[in-house]
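What follows is one structure encoded as structure tokens, with my remarks underneath.
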Amino acid sequence: MKAKERTEFAEALPRVSTLKRFVQVFLGRGVVVFGLTIIMLLIISAIFAPWIAPYDPYEPSIKEILASPSAEHLLGADSLGRDTLSRVIYGSRISLVVGIVAIGMAAAIGMSLGLIAGYFGGITYTIIMRFIDTLMAFPLLLLALAIAALLGGGLTNIVIALGVALLAPYARMMCGQALSVKEKDYVLAGRALGATNPHMMLRHIAPNCFPPLIVLMSMQIGHAILAEAGLSFLGIGISPPQASWGAMVNEGYHYLLTNPVLSFAPGVAIMLVVFAFNMVGDGLRDALDPRLRGTL
Amino acid sequence: MASLGLPHILIQEILQVTTYIVRRLIQAGIVIVLVTIFVFLLMRLLPGDPVLMYVAADDLAVTSPKEIAALRHQFGLDKPLTMQYFDWVGGVLHGDLGQSIFLSSTVAQEIARALPKTFHVGVIAFLLSLIVGIPMGIIAAVRRGGWLDTLITVLANIGITAPIFWAGIMLILVFGVYLGWLPIQGYTSPFDDFRLSTMKLIMPVICLALFPLAANARQTRSAMLEVVRQDYIRTAWSKGLTESTVIMRHALKNAFIPVVTLAGIHIRVIFGGQVLIETVFNISGMGRLAVEGLQNHDYPIVQGVILVIAVVVTLSNLLTDLFYGWLDPTIRYG
């Protein structure tokens, strides 16, 4: 009888698929769809740059030096006669790689440190979290600048510098989560059944952190792209002749009076991409945490 | 009975507050010690031999290994790393941050010249981000869904996405070059020429305040929308209080708590931003000193700048935490 009542009650409730609800909320806002579109365009232009770009971005042309925007060069040409549009398209590769790889690295290291600190507690917690506090004492750009100077410029080293400089929030978030979850009954039950520490950490504690982690990662990709652009603007990031948007803004700065589009175009590209990742981050947060929907 | 209990509660409260402050002071002290170790090691790991750089920079006629070894001994670089660290920290505690390799002055003198400029620009940007950002957030929350909310949300989203060095260049182009309203570069002390100083500050301050202002507006709006759903706000409305009383007296204090947390982060963001903005606007502050130091491999300068900035950030985080504890008693009782 009781089982029958339960079945009837369950049938009376509307069926809600978690995935369907997530998709509905996530794609429910226009700006999120706009953000997703921009990210898709970024990925396409990064992968298919050689086919999309009208010219070779590294090929100088004496005749085209500082050419104004025209039908041939939609965004003009730089001081070496290289097509600006082609360089903006190729620059998307740097931004995408830096954004995704640096954040992936920061999340992997930060989460591991936070998980170990929160799970084991005691002296392990103190050592790891004081190290994280120390990282938090340095402004992101200054820390990345110092690490990049230590390692040298270039894509790999910038990714490492930003990966280290951005890991603190992941460690803090994971540590807080581990501290709160490790006292729950199911974790104690797991321990009583003889589960090993790595098993407990990876199977029972880490998955609880994934929703806020995904939101944080999507928000931080924008920060990483901005930081890379800043480092390249200062001449410490991606080395020439590679097309980096930050370095292009700096290069264009020298020709601001004669050819402002050289600075303007890569700056707009940075802004659009960062905006896109932030909006997708907002959308993910809304979909994963309904309590905050529409408040940010 | 109540009068007998009051002093006990007061003593307990004072003890809790004191414990909280002492605990935070100890934590900040530990972080500052770790910061010194981190900066020291970072600079020792940087590529290049400081003695050879010193020789090259000063064009000294020192080439033999014996003379280089003598210089190494003079700078204390032949000592074990731990001894070098304690020598350096001892010097720092006495205000001696070392000698610049490229400039004919000490690191302390260079920092003393640069720090006031960085503070001047940074403090105004920080205050602007609070004075404008928080009211924008309140207005957006109170008028949720209206055109003002939409406008503020769009502006805030632009503010957190624009690269500040690019925003600076665009402001220079529009207000400096095309309109000619503002001077495009440099720094003037307000004590020398207040008007010129203010004019020169407008663009760098706007660029530096852009991100914190937008983030404050977003956070205040979000926090206000959370708070206005609470029962005690409904009670305040039902008592017949005016909108301004409900917002200013009841909602704002609790909505303010997450904004205070952000304030600590924003001090760090502003210091980081100054590395870029001082380069764009040619301001000889701490950020530019650090960049030039790195470009010239002038490591004593970089070491000094990073150390001073990290200590200032740690102390401002401490102040933020203490203020946070005062605003939200659950923090200090926790």
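If you're wondering about the labels, chains in the structure tokens are A, B, ... by order shown, residues count from 1 in each chain, ligands from 1 in order shown.
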Show me, as number ranges by chain, the residues of chain A whose atoms get within 7 Å of chain B, using only C-alpha atoms for the distance check.
A: 130, 133-134, 137-142, 149-150, 226, 230, 249, 267, 271, 274-275, 295-296
Among stretch 131-233 of chain B, which ones does DSSP place in helix (DSSP H, G or I), written as a PyMOL selection string?
chain B and resi 131-142+147-159+164-178+194-227+231-233
Selected residues written out with C-alpha atoms, as a tab-separated table (two decimals), in the first residue's frame:
```tsv
chain	number	residue	atom	x	y	z
B	131	ILE	CA	31.95	56.11	-3.84
B	132	VAL	CA	30.55	55.47	-7.33
B	133	GLY	CA	30.36	51.66	-7.44
B	134	ILE	CA	28.31	51.08	-4.28
B	135	PRO	CA	25.55	53.65	-5.04
B	136	MET	CA	25.37	52.27	-8.61
B	137	GLY	CA	24.78	48.80	-7.20
B	138	ILE	CA	22.13	50.05	-4.76
B	139	ILE	CA	20.28	51.94	-7.51
B	140	ALA	CA	20.40	48.89	-9.82
B	141	ALA	CA	19.02	46.62	-7.08
B	142	VAL	CA	16.28	49.02	-5.98
B	147	TRP	CA	16.30	50.93	-17.60
B	148	LEU	CA	18.72	52.18	-14.92
B	149	ASP	CA	19.38	48.60	-13.80
B	150	THR	CA	20.00	47.54	-17.41
B	151	LEU	CA	22.32	50.51	-18.05
B	152	ILE	CA	24.33	49.93	-14.86
B	153	THR	CA	24.59	46.18	-15.50
B	154	VAL	CA	25.82	46.73	-19.06
B	155	LEU	CA	28.36	49.36	-17.91
B	156	ALA	CA	29.54	47.11	-15.09
B	157	ASN	CA	30.00	44.20	-17.49
B	158	ILE	CA	32.05	46.41	-19.81
B	159	GLY	CA	34.07	47.67	-16.83
B	164	ILE	CA	42.85	48.82	-18.64
B	165	PHE	CA	45.94	49.58	-20.71
B	166	TRP	CA	43.76	49.66	-23.82
B	167	ALA	CA	41.12	51.78	-22.05
B	168	GLY	CA	43.94	54.19	-21.12
B	169	ILE	CA	45.12	54.44	-24.73
B	170	MET	CA	41.57	55.05	-25.97
B	171	LEU	CA	41.04	57.78	-23.33
B	172	ILE	CA	44.32	59.40	-24.41
B	173	LEU	CA	43.16	59.29	-28.02
B	174	VAL	CA	39.75	60.85	-27.32
B	175	PHE	CA	40.32	63.27	-24.42
B	176	GLY	CA	43.99	64.02	-24.94
B	177	VAL	CA	44.51	63.97	-28.71
B	178	TYR	CA	41.14	64.64	-30.40
B	194	PHE	CA	46.96	71.29	-7.69
B	195	ARG	CA	44.96	71.95	-10.87
B	196	LEU	CA	47.48	70.37	-13.24
B	197	SER	CA	47.92	67.47	-10.85
B	198	THR	CA	44.17	66.82	-10.82
B	199	MET	CA	43.92	67.10	-14.62
B	200	LYS	CA	46.75	64.60	-15.05
B	201	LEU	CA	45.15	62.20	-12.60
B	202	ILE	CA	41.72	61.97	-14.24
B	203	MET	CA	42.51	59.41	-16.94
B	204	PRO	CA	44.83	57.11	-14.92
B	205	VAL	CA	42.36	57.12	-12.03
B	206	ILE	CA	39.41	56.24	-14.29
B	207	CYS	CA	41.38	53.34	-15.81
B	208	LEU	CA	42.47	51.99	-12.43
B	209	ALA	CA	39.00	52.36	-10.93
B	210	LEU	CA	37.30	50.71	-13.89
B	211	PHE	CA	37.47	47.10	-12.69
B	212	PRO	CA	36.92	47.65	-8.93
B	213	LEU	CA	34.10	50.11	-9.60
B	214	ALA	CA	32.30	47.69	-11.90
B	215	ALA	CA	32.87	44.77	-9.53
B	216	ASN	CA	31.61	46.82	-6.55
B	217	ALA	CA	28.47	47.76	-8.48
B	218	ARG	CA	27.83	44.10	-9.43
B	219	GLN	CA	28.53	42.82	-5.92
B	220	THR	CA	26.43	45.51	-4.19
B	221	ARG	CA	23.52	44.82	-6.52
B	222	SER	CA	23.79	41.09	-5.91
B	223	ALA	CA	24.13	41.46	-2.13
B	224	MET	CA	21.22	43.91	-1.95
B	225	LEU	CA	18.97	41.56	-3.93
B	226	GLU	CA	19.87	38.77	-1.50
B	227	VAL	CA	19.26	40.92	1.58
B	231	ASP	CA	12.28	38.41	6.66
B	232	TYR	CA	13.63	41.33	8.67
B	233	ILE	CA	13.43	43.57	5.58
```
Give me the residues near A:Ile132 as a list in words, where near means some atom within 7 Å (using only C-alpha atoms) and where sequence neighbours in that chain fewer than 4 positions away do not count.
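These residues fall inside the cut-off: Ile128, Met136 and Ala168 of chain A.
Closest to B:Leu262 among B:Gln84, B:Thr118, B:Thr320, B:Gln185 is B:Thr320, based on only C-alpha atoms.
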